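K.L.:
Before I ask anything, let me first share the structure, which is written out below as structure tokens.
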Amino acid sequence: MNPDAVEENQEEGNILVWLTGLAFLAAMIAIFIYVPTERTEGVIQRIMYFHVPSAWLSFFAFFVVFICSILFLWKKEREWDIYAQASAEIGVIFCSLVLVTGPIWARPIWGAWWVWDARLTSTLILWIIYVAYLMLRTQCDAGSMRARYAAVLGIVGFLNIPFIHFSVLWWRTFHPQPKVITNEGIGKGMDPTMLATLGVSLCAFTLLYFLLMGVRVRQENLKDEIDRLKKEKLYSS
Amino acid sequence: MDNLGFLFAANVVVWGGIIYYVYTIRQRNRALEKDLELLKETLNRKG
């Protein structure tokens, strides 16, 4: 890689680190100082500002897996496989956070840590699918077949997401119905200060996604390069 | 309703999760750097 390009990449990375840090600082101020306490649920409702952005980030990450997997199957370029792998890993981390913060929020409100309703169960299934996706990548030998199997699983797994979104509308569930995107429009069902706080938190989590993606993609590229050099050395000796 | 303990727990989980993931990325980076150094040394010795 050209040294100028490396320097430019590092500079862009540093800007993104600062932007993400500032966005999280703003989000923390908004969550714990700016936004008023919700009347019926009390302070526990503030978990929403972590829970919803984590869910958004994981769904977005799995959407990237879906797109990159299609592109990989179509173009057979390793680059798309790397993007899909990195995004799946981030998606699983944040989906895990959704599955942990949800029950912490549910316990004082519903009186139970977990209920097998459509939204919770389908989110758990989504998590299991992408954990299986990551396990498949570590268990199979490196090569195009591994990438191909993973791409198929990455595409199939994403088909669960519309089901998760509509599950609260199709069935009667414990999980509340969407408040941000409703039939009346975006954010119509929420207080403006709550919507603004959620917006800042969503921005912070989205920036974190791009930051983590950048690092993981660079890491996978470097790993490929090392493997290539090792193979060259093996054949030359 | 006072559920500060639950809010605190959720915060710890989210920040803990993010910090742990960043830590694992750092560890993998270190392993890669070590690998690269070893490779460079071997190539230089052959060189």
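Residues in the structure tokens are numbered from 1 in each chain, the chains being A, B, ... in the order shown, and ligands are numbered from 1 in the order shown.
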Neighbouring residues of stretch 205-218 of chain A were defined as those with any atom within 8 Å, considering only C-alpha atoms; residues of the same chain fewer than 5 positions away were excluded. Please report them as a count of residues only.
P.N.:
16
K.L.:
I want to know what sits within 10 Å of A:Leu222, based on only C-alpha atoms, with residues of the same chain fewer than 5 positions away left out; could you give that as a PyMOL selection string?
P.N.:
(chain A and resi 216-217+227-228) or (chain B and resi 29+32-33+36)
K.L.:
Please identify all residues of chain A having at least one atom at most 9 Å from any atom of chain B, considering only C-alpha atoms, and return them as a PyMOL selection string.
P.N.:
chain A and resi 40-47+50-51+54+90+93-94+96-98+100-102+104-105+107-108+212+215-216+219+222-223+226+229-230+233
K.L.:
Could you write those residues out with C-alpha atoms, as a JSON list (two decimals), in the first residue's frame?
P.N.:
[["chain", "number", "residue", "atom", "x", "y", "z"],
["A", 40, "THR", "CA", -44.91, 5.78, 33.95],
["A", 41, "GLU", "CA", -41.67, 3.75, 33.85],
["A", 42, "GLY", "CA", -39.35, 6.15, 35.66],
["A", 43, "VAL", "CA", -35.53, 6.16, 35.27],
["A", 44, "ILE", "CA", -35.45, 2.59, 33.96],
["A", 45, "GLN", "CA", -36.91, 3.87, 30.66],
["A", 46, "ARG", "CA", -33.50, 5.48, 29.97],
["A", 47, "ILE", "CA", -32.28, 1.98, 29.03],
["A", 50, "PHE", "CA", -28.91, 2.04, 24.69],
["A", 51, "HIS", "CA", -31.31, -0.78, 23.83],
["A", 54, "SER", "CA", -27.95, -1.43, 19.87],
["A", 90, "ILE", "CA", -20.15, -6.37, 15.14],
["A", 93, "ILE", "CA", -21.86, -8.14, 19.67],
["A", 94, "PHE", "CA", -24.65, -5.55, 19.56],
["A", 96, "SER", "CA", -26.01, -9.70, 22.41],
["A", 97, "LEU", "CA", -26.27, -6.28, 24.09],
["A", 98, "VAL", "CA", -29.92, -6.06, 22.95],
["A", 100, "VAL", "CA", -29.07, -8.53, 27.76],
["A", 101, "THR", "CA", -30.33, -4.95, 28.15],
["A", 102, "GLY", "CA", -33.88, -6.02, 27.15],
["A", 104, "ILE", "CA", -32.76, -5.84, 32.50],
["A", 105, "TRP", "CA", -35.40, -3.36, 31.32],
["A", 107, "ARG", "CA", -37.66, -7.29, 34.88],
["A", 108, "PRO", "CA", -39.00, -4.25, 36.78],
["A", 212, "LEU", "CA", -15.13, -0.76, 14.30],
["A", 215, "VAL", "CA", -10.46, -1.44, 12.09],
["A", 216, "ARG", "CA", -11.75, -4.99, 11.50],
["A", 219, "GLN", "CA", -7.12, -6.26, 10.29],
["A", 222, "LEU", "CA", -3.45, -7.54, 6.96],
["A", 223, "LYS", "CA", -4.15, -11.15, 7.99],
["A", 226, "ILE", "CA", 0.50, -12.22, 6.12],
["A", 229, "LEU", "CA", 3.54, -14.01, 2.40],
["A", 230, "LYS", "CA", 3.71, -17.16, 4.55],
["A", 233, "LYS", "CA", 7.82, -18.34, 1.84]]
K.L.:
Residues within 10 Å of A:Asp191, please, as a PDB file with N, CA and C atoms, in the first residue's frame. Count only C-alpha atoms; anything in the same chain fewer than 6 positions from it doesn't count.
P.N.:
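Saved to out_12.pdb:
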ATOM      1  N   VAL A  35     -32.613  14.731  28.922  1.00  0.00           N
ATOM      2  CA  VAL A  35     -33.959  14.167  28.721  1.00  0.00           C
ATOM      3  C   VAL A  35     -34.700  13.998  30.065  1.00  0.00           C
ATOM      4  N   PRO A  36     -35.993  14.398  30.108  1.00  0.00           N
ATOM      5  CA  PRO A  36     -36.736  14.236  31.375  1.00  0.00           C
ATOM      6  C   PRO A  36     -37.083  12.765  31.638  1.00  0.00           C
ATOM      7  N   GLU A  38     -39.229   9.598  32.215  1.00  0.00           N
ATOM      8  CA  GLU A  38     -40.538   9.197  31.702  1.00  0.00           C
ATOM      9  C   GLU A  38     -41.511   8.962  32.865  1.00  0.00           C
TER      10      GLU A  38
END
K.L.:
What separation in Å, quoted to one decimal, exists between atom CA of A:Leu25 and atom CA of A:Cys203?
P.N.:
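Separation between atom CA of A:Leu25 and atom CA of A:Cys203: 11.6 Å.
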K.L.:
Mind giving me the straight-line distance from atom CA of A:Glu225 to atom CA of A:Phe72 in Å, one decimal?
P.N.:
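Atom CA of A:Phe72 lies 19.3 Å from atom CA of A:Glu225.
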K.L.:
Atom CA of A:Thr121 to atom CA of A:Phe166: how many Å, to one decimal?
P.N.:
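Straight-line distance from atom CA of A:Thr121 to atom CA of A:Phe166 works out to 13.0 Å.
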K.L.:
Would you kindly return, as a list in words, each protein, DNA or RNA residue with an atom no farther than 8 Å from any atom of A:Ala88, considering only C-alpha atoms and excluding same-chain residues fewer than 3 positions away?
P.N.:
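The residues that qualify are Ala61, Phe62, Val65, Ala84, Gln85, Gly91, Val92, Tyr130, Tyr133 and Leu134 of chain A.
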K.L.:
Find the residues near stretch 193-196 of chain A: any atom within 12 Å, counting only C-alpha atoms, skip ones fewer than 6 places away on the same chain, and give them as a PyMOL selection string.
P.N.:
chain A and resi 26-27+30-38+45-46+48-49+52+179-181+186-187+202-203
K.L.:
Which residue is closest to A:Tyr149? Choose from A:Asn9, A:Asn14, A:Thr123, A:Ser69 and count only C-alpha atoms.
P.N.:
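Looking only at the distances to A:Tyr149, the closest residue turns out to be A:Ser69.
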